[in-house]
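Coordinates from protein.tsv are shown below (TSV, C-alpha atoms).
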```tsv
chain	number	residue	atom	x	y	z
A	1	MET	CA	0.00	0.00	0.00
A	2	GLN	CA	1.30	3.42	-0.89
A	3	GLY	CA	2.65	5.31	2.08
A	4	THR	CA	3.11	2.20	4.24
A	5	LEU	CA	6.51	1.89	5.88
A	6	GLN	CA	8.35	-1.32	5.06
A	7	PHE	CA	10.64	-2.56	7.83
A	8	PRO	CA	13.36	-5.14	7.23
A	9	VAL	CA	12.55	-8.57	8.63
A	10	ALA	CA	14.93	-9.54	11.38
A	11	GLN	CA	16.70	-12.75	10.44
A	12	PRO	CA	17.19	-15.46	13.06
A	13	ILE	CA	20.69	-15.75	14.40
A	14	ARG	CA	22.55	-18.70	15.81
A	15	LEU	CA	24.76	-18.47	18.83
A	16	LEU	CA	27.62	-20.64	19.97
A	17	TRP	CA	28.68	-21.09	23.57
A	18	THR	CA	32.04	-22.03	24.95
A	19	ASN	CA	32.77	-23.96	28.09
A	20	ALA	CA	34.66	-21.60	30.39
A	21	THR	CA	36.96	-24.38	31.60
A	22	GLY	CA	37.73	-26.36	28.50
A	23	GLY	CA	37.03	-23.98	25.62
A	24	LYS	CA	34.66	-26.56	24.11
A	25	ILE	CA	31.97	-25.22	21.76
A	26	VAL	CA	28.44	-26.19	22.77
A	27	THR	CA	25.40	-25.37	20.65
A	28	ASP	CA	22.30	-26.66	22.45
A	29	LYS	CA	20.87	-27.30	25.87
A	30	THR	CA	21.75	-31.00	25.93
A	31	GLN	CA	25.34	-30.33	25.02
A	32	ARG	CA	25.55	-27.56	27.57
A	33	ARG	CA	24.44	-29.94	30.29
A	34	SER	CA	27.10	-32.45	29.27
A	35	ALA	CA	29.67	-29.68	29.30
A	36	GLY	CA	28.87	-28.93	32.93
A	37	THR	CA	26.49	-25.96	32.50
A	38	ASN	CA	23.62	-25.91	35.00
A	39	ASP	CA	20.04	-25.13	34.04
A	40	GLU	CA	20.34	-22.08	36.29
A	41	GLN	CA	22.99	-20.80	33.88
A	42	ASP	CA	20.84	-21.25	30.80
A	43	TRP	CA	20.31	-17.59	29.93
A	44	ASP	CA	18.21	-18.26	26.80
A	45	LEU	CA	20.66	-16.08	24.89
A	46	PRO	CA	19.34	-16.67	21.35
A	47	ARG	CA	15.89	-15.32	22.22
A	48	ILE	CA	17.23	-12.34	24.18
A	49	VAL	CA	19.81	-11.35	21.58
A	50	GLU	CA	17.22	-11.72	18.81
A	51	ALA	CA	14.80	-9.46	20.70
A	52	LEU	CA	17.53	-6.89	21.28
A	53	ARG	CA	18.40	-7.00	17.58
A	54	VAL	CA	14.78	-6.33	16.61
A	55	SER	CA	14.66	-3.44	19.09
A	56	ARG	CA	17.97	-2.05	17.82
A	57	GLU	CA	17.36	-2.42	14.09
A	58	VAL	CA	13.56	-2.09	13.75
A	59	ALA	CA	11.25	-1.33	16.65
A	60	ASN	CA	13.26	1.21	18.66
A	61	LYS	CA	15.96	2.30	16.27
A	62	VAL	CA	17.80	5.43	17.42
A	63	ARG	CA	21.04	5.07	15.50
A	64	HIS	CA	22.22	8.42	14.21
A	65	ARG	CA	20.83	8.87	10.68
A	66	GLY	CA	20.28	5.15	10.41
A	67	TYR	CA	23.75	3.72	10.04
A	68	VAL	CA	26.78	2.83	12.10
A	69	ARG	CA	29.64	5.33	12.40
A	70	GLU	CA	32.83	5.46	14.35
A	71	LEU	CA	32.17	7.26	17.61
A	72	PRO	CA	34.55	9.22	19.83
A	73	SER	CA	35.67	7.27	22.87
A	74	ARG	CA	35.05	8.67	26.33
A	75	ASP	CA	37.89	6.59	27.78
A	76	THR	CA	40.32	7.78	25.10
A	77	LEU	CA	39.34	11.41	25.62
A	78	THR	CA	39.82	11.03	29.37
A	79	ALA	CA	43.37	9.86	28.72
A	80	ILE	CA	43.96	12.72	26.25
A	81	VAL	CA	42.83	15.31	28.79
A	82	GLY	CA	45.21	13.80	31.34
A	83	GLU	CA	48.08	14.19	28.87
A	84	LEU	CA	47.08	17.75	27.98
A	85	ILE	CA	46.92	18.74	31.66
A	86	ALA	CA	50.39	17.22	32.12
A	87	VAL	CA	51.60	19.34	29.20
A	88	LEU	CA	50.09	22.50	30.71
A	89	PHE	CA	51.36	21.81	34.23
A	90	PRO	CA	54.16	19.25	33.86
A	91	THR	CA	55.65	19.58	37.34
A	92	HIS	CA	52.23	19.03	38.93
A	93	TYR	CA	50.67	16.43	36.63
A	94	GLY	CA	53.66	15.15	34.68
A	95	ARG	CA	56.52	12.95	35.82
A	96	PRO	CA	57.93	13.58	39.30
A	97	ASP	CA	61.54	13.34	38.11
A	98	LEU	CA	61.42	16.13	35.52
A	99	SER	CA	64.42	18.44	35.41
A	100	ALA	CA	65.25	21.67	33.63
A	101	GLU	CA	66.93	19.60	30.92
A	102	SER	CA	64.11	17.07	30.42
A	103	ILE	CA	60.94	19.10	30.90
A	104	ASP	CA	60.72	20.46	27.35
A	105	TYR	CA	61.33	17.00	25.92
A	106	PHE	CA	58.57	15.60	28.12
A	107	VAL	CA	56.16	18.36	27.08
A	108	GLY	CA	56.91	17.96	23.38
A	109	ASN	CA	56.73	14.17	23.38
A	110	THR	CA	53.55	14.05	25.46
A	111	LEU	CA	51.87	16.79	23.45
A	112	ASN	CA	52.65	15.11	20.14
A	113	GLY	CA	51.08	11.86	21.26
A	114	ALA	CA	48.03	13.61	22.70
A	115	LEU	CA	47.44	15.63	19.53
A	116	VAL	CA	47.72	12.61	17.24
A	117	THR	CA	45.12	10.76	19.29
A	118	LEU	CA	42.93	13.86	19.65
A	119	SER	CA	42.91	14.34	15.89
A	120	GLY	CA	41.45	10.86	15.49
A	121	GLN	CA	38.74	11.59	18.05
A	122	VAL	CA	37.89	14.90	16.37
A	123	ARG	CA	37.62	13.05	13.05
A	124	ARG	CA	35.11	10.65	14.58
A	125	GLY	CA	33.09	13.55	15.94
A	126	LEU	CA	33.03	15.18	12.50
A	127	LEU	CA	31.85	11.92	10.94
A	128	LEU	CA	28.92	11.81	13.34
A	129	GLY	CA	28.00	15.39	12.59
A	130	ALA	CA	28.22	15.03	8.80
A	131	ASP	CA	25.04	15.46	6.77
A	132	GLU	CA	23.52	12.47	5.01
A	133	GLY	CA	24.75	13.80	1.67
A	134	ASP	CA	28.31	13.87	2.99
A	135	ARG	CA	28.23	10.26	4.12
A	136	HIS	CA	30.18	8.96	1.17
A	137	GLU	CA	32.31	12.04	0.70
A	138	GLU	CA	36.00	12.25	1.52
A	139	ASP	CA	36.91	11.32	5.08
A	140	PRO	CA	37.15	14.48	7.26
A	141	GLY	CA	40.61	13.53	8.52
A	142	ALA	CA	42.25	16.59	6.98
A	143	ARG	CA	39.77	18.92	8.65
A	144	ALA	CA	40.31	17.13	11.96
A	145	VAL	CA	44.04	17.76	11.65
A	146	GLU	CA	43.39	21.46	10.97
A	147	ILE	CA	41.15	21.76	14.04
A	148	THR	CA	43.68	19.94	16.20
A	149	ARG	CA	46.54	22.11	14.95
A	150	ALA	CA	44.55	25.28	15.71
A	151	PHE	CA	43.70	23.88	19.14
A	152	ALA	CA	47.37	23.20	19.86
A	153	ALA	CA	48.21	26.79	18.94
A	154	LYS	CA	45.74	27.98	21.59
A	155	LEU	CA	47.35	26.03	24.44
A	156	PRO	CA	49.64	28.89	25.62
A	157	GLU	CA	46.61	31.20	25.75
A	158	ILE	CA	44.60	28.56	27.59
A	159	ARG	CA	47.40	28.13	30.13
A	160	ALA	CA	47.50	31.88	30.76
A	161	LEU	CA	43.75	31.85	31.47
A	162	LEU	CA	44.15	28.89	33.81
A	163	VAL	CA	46.92	30.63	35.74
A	164	SER	CA	44.58	33.62	36.19
A	165	ASP	CA	41.93	31.20	37.48
A	166	LEU	CA	44.42	29.67	39.90
A	167	LEU	CA	45.42	33.06	41.26
A	168	ALA	CA	41.76	34.08	41.62
A	169	ALA	CA	41.14	30.92	43.65
A	170	TYR	CA	44.17	31.50	45.85
A	171	GLN	CA	43.28	35.12	46.48
A	172	GLY	CA	39.58	34.39	46.98
A	173	ASP	CA	39.71	31.37	49.27
A	174	PRO	CA	41.12	31.92	52.77
A	175	ALA	CA	41.45	28.14	53.18
A	176	ALA	CA	43.87	27.85	50.24
A	177	THR	CA	47.48	27.46	51.38
A	178	SER	CA	49.15	27.39	47.95
A	179	VAL	CA	48.53	27.44	44.23
A	180	ALA	CA	49.73	23.83	44.10
A	181	GLU	CA	47.01	22.81	46.57
A	182	ILE	CA	44.36	24.39	44.36
A	183	LEU	CA	45.71	22.77	41.23
A	184	LEU	CA	45.96	19.31	42.76
A	185	CYS	CA	43.03	19.24	45.21
A	186	TYR	CA	40.19	21.50	44.07
A	187	PRO	CA	37.51	19.73	41.96
A	188	SER	CA	36.31	23.11	40.72
A	189	MET	CA	39.78	23.80	39.30
A	190	SER	CA	39.65	20.51	37.44
A	191	ALA	CA	36.25	21.48	36.04
A	192	ILE	CA	37.60	24.84	34.86
A	193	ILE	CA	40.60	23.19	33.17
A	194	HIS	CA	38.28	20.83	31.32
A	195	HIS	CA	36.06	23.74	30.31
A	196	ARG	CA	38.92	25.85	28.95
A	197	LEU	CA	40.02	22.92	26.77
A	198	ALA	CA	36.47	22.00	25.75
A	199	HIS	CA	35.52	25.59	24.91
A	200	ALA	CA	38.50	25.91	22.58
A	201	LEU	CA	37.53	22.73	20.74
A	202	HIS	CA	33.89	23.82	20.55
A	203	SER	CA	34.79	27.20	19.09
A	204	LEU	CA	37.04	25.53	16.50
A	205	GLY	CA	34.30	23.23	15.19
A	206	ALA	CA	34.52	20.05	17.26
A	207	PRO	CA	31.33	20.30	19.37
A	208	LEU	CA	30.81	16.61	20.07
A	209	VAL	CA	34.32	16.04	21.43
A	210	ALA	CA	33.94	19.25	23.45
A	211	ARG	CA	30.64	18.03	24.91
A	212	LEU	CA	32.26	14.75	25.87
A	213	LEU	CA	35.02	16.61	27.72
A	214	ALA	CA	32.37	18.60	29.58
A	215	GLY	CA	30.59	15.38	30.49
A	216	ILE	CA	33.82	13.86	31.79
A	217	ALA	CA	34.33	16.88	34.04
A	218	HIS	CA	30.72	16.80	35.21
A	219	SER	CA	30.98	13.14	36.20
A	220	ALA	CA	34.22	13.71	38.07
A	221	THR	CA	33.48	17.03	39.80
A	222	GLY	CA	29.72	17.63	39.91
A	223	VAL	CA	30.21	20.89	37.97
A	224	ASP	CA	28.22	21.10	34.73
A	225	ILE	CA	29.53	23.74	32.31
A	226	HIS	CA	28.39	23.63	28.70
A	227	PRO	CA	31.46	23.96	26.43
A	228	ALA	CA	29.82	26.78	24.47
A	229	ALA	CA	29.62	29.02	27.55
A	230	THR	CA	31.97	32.01	27.40
A	231	ILE	CA	33.97	32.62	30.58
A	232	GLY	CA	36.49	35.40	31.14
A	233	ALA	CA	39.78	35.34	33.01
A	234	SER	CA	40.20	34.96	36.79
A	235	PHE	CA	37.18	32.70	37.19
A	236	PHE	CA	36.73	30.91	40.52
A	237	ILE	CA	34.13	28.38	41.68
A	238	ASP	CA	34.34	27.87	45.44
A	239	HIS	CA	33.52	24.26	46.39
A	240	GLY	CA	31.76	23.77	43.07
A	241	THR	CA	29.35	20.89	43.58
A	242	GLY	CA	26.06	21.40	41.75
A	243	VAL	CA	27.06	24.41	39.67
A	244	VAL	CA	25.30	24.56	36.28
A	245	ILE	CA	26.27	26.99	33.52
A	246	GLY	CA	24.23	26.91	30.30
A	247	ALA	CA	25.41	27.02	26.71
A	248	THR	CA	24.76	30.69	25.93
A	249	ALA	CA	25.90	32.10	29.27
A	250	ILE	CA	28.50	34.87	29.13
A	251	ILE	CA	30.66	35.43	32.21
A	252	GLY	CA	33.05	38.35	32.51
A	253	GLU	CA	36.36	38.59	34.33
A	254	ASN	CA	37.00	38.10	38.02
A	255	VAL	CA	33.68	36.36	38.69
A	256	ARG	CA	33.24	34.06	41.67
A	257	LEU	CA	30.50	31.43	42.05
A	258	TYR	CA	29.73	29.25	45.04
A	259	GLN	CA	28.27	25.75	45.11
A	260	ALA	CA	24.88	24.94	43.56
A	261	VAL	CA	24.65	28.15	41.52
A	262	THR	CA	22.59	27.82	38.34
A	263	LEU	CA	22.97	30.09	35.33
A	264	GLY	CA	20.08	28.64	33.37
A	265	ALA	CA	17.25	29.26	30.93
A	266	LYS	CA	13.92	30.56	32.18
A	267	ARG	CA	11.74	29.08	29.46
A	268	PHE	CA	12.08	27.46	26.06
A	269	PRO	CA	10.03	28.92	23.18
A	270	ALA	CA	8.51	26.46	20.74
A	271	ASP	CA	7.60	26.70	17.06
A	272	GLU	CA	4.15	26.17	15.56
A	273	ASN	CA	4.63	22.40	15.77
A	274	GLY	CA	5.56	22.44	19.42
A	275	ALA	CA	9.24	21.71	18.83
A	276	LEU	CA	11.73	23.65	20.93
A	277	ILE	CA	13.47	26.51	19.13
A	278	LYS	CA	17.17	25.91	19.63
A	279	GLY	CA	20.17	28.19	19.33
A	280	ASN	CA	18.68	31.38	20.78
A	281	ALA	CA	20.44	33.25	23.58
A	282	ARG	CA	18.65	32.10	26.74
A	283	HIS	CA	21.18	32.24	29.60
A	284	PRO	CA	22.42	35.12	31.76
A	285	ILE	CA	25.18	37.61	31.13
A	286	ILE	CA	27.34	38.09	34.22
A	287	GLU	CA	29.56	41.15	34.02
A	288	ASP	CA	32.98	41.66	35.63
A	289	ASN	CA	33.68	41.43	39.37
A	290	VAL	CA	30.42	39.70	40.33
A	291	VAL	CA	30.04	37.33	43.29
A	292	ILE	CA	27.15	34.84	43.31
A	293	TYR	CA	26.63	32.96	46.56
A	294	ALA	CA	25.50	29.39	47.15
A	295	ALA	CA	22.32	28.02	45.58
A	296	ALA	CA	21.44	31.23	43.73
A	297	THR	CA	19.42	30.60	40.57
A	298	ILE	CA	19.72	33.15	37.77
A	299	LEU	CA	17.54	32.45	34.75
A	300	GLY	CA	16.96	33.85	31.29
A	301	ARG	CA	18.81	36.31	29.08
A	302	ILE	CA	19.25	38.89	31.80
A	303	THR	CA	22.29	40.91	32.82
A	304	VAL	CA	23.89	41.08	36.24
A	305	GLY	CA	25.81	44.37	36.24
A	306	HIS	CA	29.47	44.59	37.14
A	307	ASP	CA	30.60	44.69	40.77
A	308	SER	CA	27.31	43.18	41.97
A	309	THR	CA	26.68	40.61	44.71
A	310	ILE	CA	23.89	38.04	44.46
A	311	GLY	CA	23.00	36.50	47.80
A	312	GLY	CA	22.53	32.84	48.60
A	313	ASN	CA	19.30	31.10	47.49
A	314	VAL	CA	18.21	34.10	45.42
A	315	TRP	CA	15.84	33.37	42.52
A	316	LEU	CA	16.60	36.03	39.91
A	317	THR	CA	14.82	36.47	36.57
A	318	HIS	CA	15.33	40.20	35.92
A	319	SER	CA	18.41	42.26	35.13
A	320	VAL	CA	20.13	44.21	37.90
A	321	PRO	CA	22.31	47.30	37.45
A	322	PRO	CA	26.00	47.53	38.31
A	323	GLU	CA	26.99	47.52	41.99
A	324	SER	CA	23.75	45.85	43.05
A	325	ASN	CA	23.41	43.81	46.24
A	326	VAL	CA	20.52	41.39	45.78
A	327	THR	CA	19.08	39.40	48.68
A	328	GLN	CA	16.22	36.93	48.84
A	329	ALA	CA	13.79	39.53	50.13
A	330	GLN	CA	14.67	42.01	47.38
A	331	ALA	CA	14.33	39.36	44.67
A	332	ARG	CA	10.89	38.30	45.98
A	333	GLN	CA	9.67	41.87	46.17
A	334	HIS	CA	10.72	42.63	42.60
A	335	GLY	CA	9.38	39.49	40.99
A	336	LYS	CA	6.34	38.10	42.78
A	337	ASP	CA	5.01	36.74	39.49
A	338	ASP	CA	8.27	35.06	38.47
A	339	ARG	CA	7.50	31.45	39.26
A	340	PRO	CA	9.73	28.43	38.60
A	341	VAL	CA	7.29	26.73	36.26
A	342	ASP	CA	9.63	25.76	33.45
A	343	ALA	CA	12.98	27.06	34.64
A	344	GLY	CA	16.27	26.03	36.11
A	345	ILE	CA	17.60	23.89	33.26
A	346	GLY	CA	21.12	24.59	32.04
A	347	GLY	CA	20.39	23.85	28.37
```
Take the structure in the file and write it out as structure tokens.
Amino acid sequence: MQGTLQFPVAQPIRLLWTNATGGKIVTDKTQRRSAGTNDEQDWDLPRIVEALRVSREVANKVRHRGYVRELPSRDTLTAIVGELIAVLFPTHYGRPDLSAESIDYFVGNTLNGALVTLSGQVRRGLLLGADEGDRHEEDPGARAVEITRAFAAKLPEIRALLVSDLLAAYQGDPAATSVAEILLCYPSMSAIIHHRLAHALHSLGAPLVARLLAGIAHSATGVDIHPAATIGASFFIDHGTGVVIGATAIIGENVRLYQAVTLGAKRFPADENGALIKGNARHPIIEDNVVIYAAATILGRITVGHDSTIGGNVWLTHSVPPESNVTQAQARQHGKDDRPVDAGIGG
């Protein structure tokens, strides 16, 4: 019938088992019993694997654009980030026996290996993002190399930003005893390092790899920063757990956040079909020299003026001028009708 979808018929598959002790191939229940496999260990694998195949290929197919591609590896990217951090701070994260004579060799050798592997991961991300018409076009390996080369050129700039972040943490936290302590012990510093690297990759055209780096940091630190977010120098997150910074957020210089702060979207406009409109600016702008205390929630495309202080647990959905001091009571008085119906998501 015209207009009827035709799904491929899943073909039956045959499985072989091996005896864990003797390596003997067994193909049915009787043989498995003779090979020493108990009924309790009869998993009914052919039926389960067949059902999973039907789900994967027909009933619940979610494969990107319908076919298998090489995907970036989270484990590989975790290792790459470790190497890049060692390159940026070799005496802290590199080898303990580095000397003035060997440090440059270590940095060069480690960086070369990291960049070669990163280029392959960027290539995989580009393959996933390619349009259907580009599926059979030339492999994007050359473009991946270009992105990786441009990323490598940014590493000195990234390190300068990270040093400014370290100094902001040392100067802003009375519990900090040294820059080394911050670099080695503060989860928020680890999250910022990951973000600086991820943001560079995102801006250069490798968004999937950048998003994976952000996810790695989120899993390890509890800090969720979208790699598209723009963050100025001397950025400090005290404690860090639960901080969320959305994709279109813009943060100026010398900004300090405390734990559980959200810079999120207030609401998500939809088109005539009910689908979310994506890509619009929907997160706050935080100007220079702003302090935002624990559990404050700042939503929508609003501006917090420079040299302002936002108190703990404040719910803020309107712009505030420079040098403001916003408390819970002030926020409630200004916005009695601002209700958290569809807000608080980083997005």
- Message: Taking 4 positions as the minimum chain separation for residues in the same chain, which residues sit within 8 Å of region 105-109 of chain A when counting only C-alpha atoms? Answer as JSON, numbers by chain.
- Response: {"A": [86, 87, 90, 98, 101, 113]}
Given the selection you just returned, output its residues as a file containing C-alpha atoms, formatted as a short mmCIF file (atom, residue, chain, number, x, y, z; two decimals), in the frame of the given file.
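Saved as result.cif:
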```cif
data_model
loop_
_atom_site.label_atom_id
_atom_site.label_comp_id
_atom_site.auth_asym_id
_atom_site.auth_seq_id
_atom_site.Cartn_x
_atom_site.Cartn_y
_atom_site.Cartn_z
CA ALA A 86 50.39 17.22 32.12
CA VAL A 87 51.60 19.34 29.20
CA PRO A 90 54.16 19.25 33.86
CA LEU A 98 61.42 16.13 35.52
CA GLU A 101 66.93 19.60 30.92
CA GLY A 113 51.08 11.86 21.26
#
```
- May I have the residues within 9 Å of region 296-313 of chain A as a ChimeraX atom specification, using all atoms listed in the file and disregarding those fewer than 5 positions away in the same chain? /A:248-249,252,258-267,281-291,318-328,343-345
- What does the distance between CA of Pro156 (chain A) and CA of Leu127 (chain A) come to in Å, to one decimal place?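 Answer for the CA of Pro156 (chain A) to CA of Leu127 (chain A) separation: 28.6 Å.
Relative to CA of Arg124 (chain A), CA of Pro140 (chain A) is found at 8.5 Å.
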Close residues, Val179 (chain A) itself excluded, 12 Å, all atoms listed in the file, min 3 positions apart in chain, as a PDB file with C-alpha atoms, in the frame of the given file:
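That gives us around_32.pdb:
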```
ATOM      1  CA  PHE A  89      51.360  21.810  34.230  1.00  0.00           C
ATOM      2  CA  HIS A  92      52.230  19.030  38.930  1.00  0.00           C
ATOM      3  CA  LEU A 162      44.150  28.890  33.810  1.00  0.00           C
ATOM      4  CA  VAL A 163      46.920  30.630  35.740  1.00  0.00           C
ATOM      5  CA  SER A 164      44.580  33.620  36.190  1.00  0.00           C
ATOM      6  CA  ASP A 165      41.930  31.200  37.480  1.00  0.00           C
ATOM      7  CA  LEU A 166      44.420  29.670  39.900  1.00  0.00           C
ATOM      8  CA  LEU A 167      45.420  33.060  41.260  1.00  0.00           C
ATOM      9  CA  ALA A 168      41.760  34.080  41.620  1.00  0.00           C
ATOM     10  CA  ALA A 169      41.140  30.920  43.650  1.00  0.00           C
ATOM     11  CA  TYR A 170      44.170  31.500  45.850  1.00  0.00           C
ATOM     12  CA  GLN A 171      43.280  35.120  46.480  1.00  0.00           C
ATOM     13  CA  GLY A 172      39.580  34.390  46.980  1.00  0.00           C
ATOM     14  CA  ASP A 173      39.710  31.370  49.270  1.00  0.00           C
ATOM     15  CA  ALA A 175      41.450  28.140  53.180  1.00  0.00           C
ATOM     16  CA  ALA A 176      43.870  27.850  50.240  1.00  0.00           C
ATOM     17  CA  ILE A 182      44.360  24.390  44.360  1.00  0.00           C
ATOM     18  CA  LEU A 183      45.710  22.770  41.230  1.00  0.00           C
ATOM     19  CA  LEU A 184      45.960  19.310  42.760  1.00  0.00           C
ATOM     20  CA  CYS A 185      43.030  19.240  45.210  1.00  0.00           C
ATOM     21  CA  TYR A 186      40.190  21.500  44.070  1.00  0.00           C
ATOM     22  CA  MET A 189      39.780  23.800  39.300  1.00  0.00           C
TER      23      MET A 189
END
```
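Interatomic distance, CA of Val145 (chain A) to CA of Ile193 (chain A): 22.5 Å.
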Edge lengths and centre, in Å to one decimal, as AutoDock Vina command-line options: that's what I need for the box along x, y and z that holds all listed atoms of region 225-233 of chain A plus 4 Å on each side.
```
--center_x 34.1 --center_y 29.5 --center_z 28.7 --size_x 19.4 --size_y 19.8 --size_z 16.5
```
- Message: Could you check the closest approach to Pro227 (chain A) for each of A:Ile85, A:Ile245, A:Ala198, A:Val255 and tell me which residue wins, using only C-alpha atoms?
- Response: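 Looking only at the distances to Pro227 (chain A), the closest residue turns out to be A:Ala198.
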- Counting all atoms listed in the file, which of A:Leu155, A:Glu70, A:Gly82, A:Ile192 gets nearest to Gly129 (chain A)?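 Of all the options, A:Glu70 lies closest to Gly129 (chain A).
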- Residues within 12 Å of (39.1, 7.8, 24.5), file coords, all atoms listed in the file, listed as JSON, numbers by chain: {"A": [71, 72, 73, 74, 75, 76, 77, 78, 79, 80, 81, 82, 83, 114, 117, 118, 119, 120, 121, 122, 124, 125, 209, 212, 213, 216]}
- Between A:Pro187, A:Gly246, A:Gly215, A:Gly232, which is the closest to Ala160 (chain A) once you count only C-alpha atoms? A:Gly232
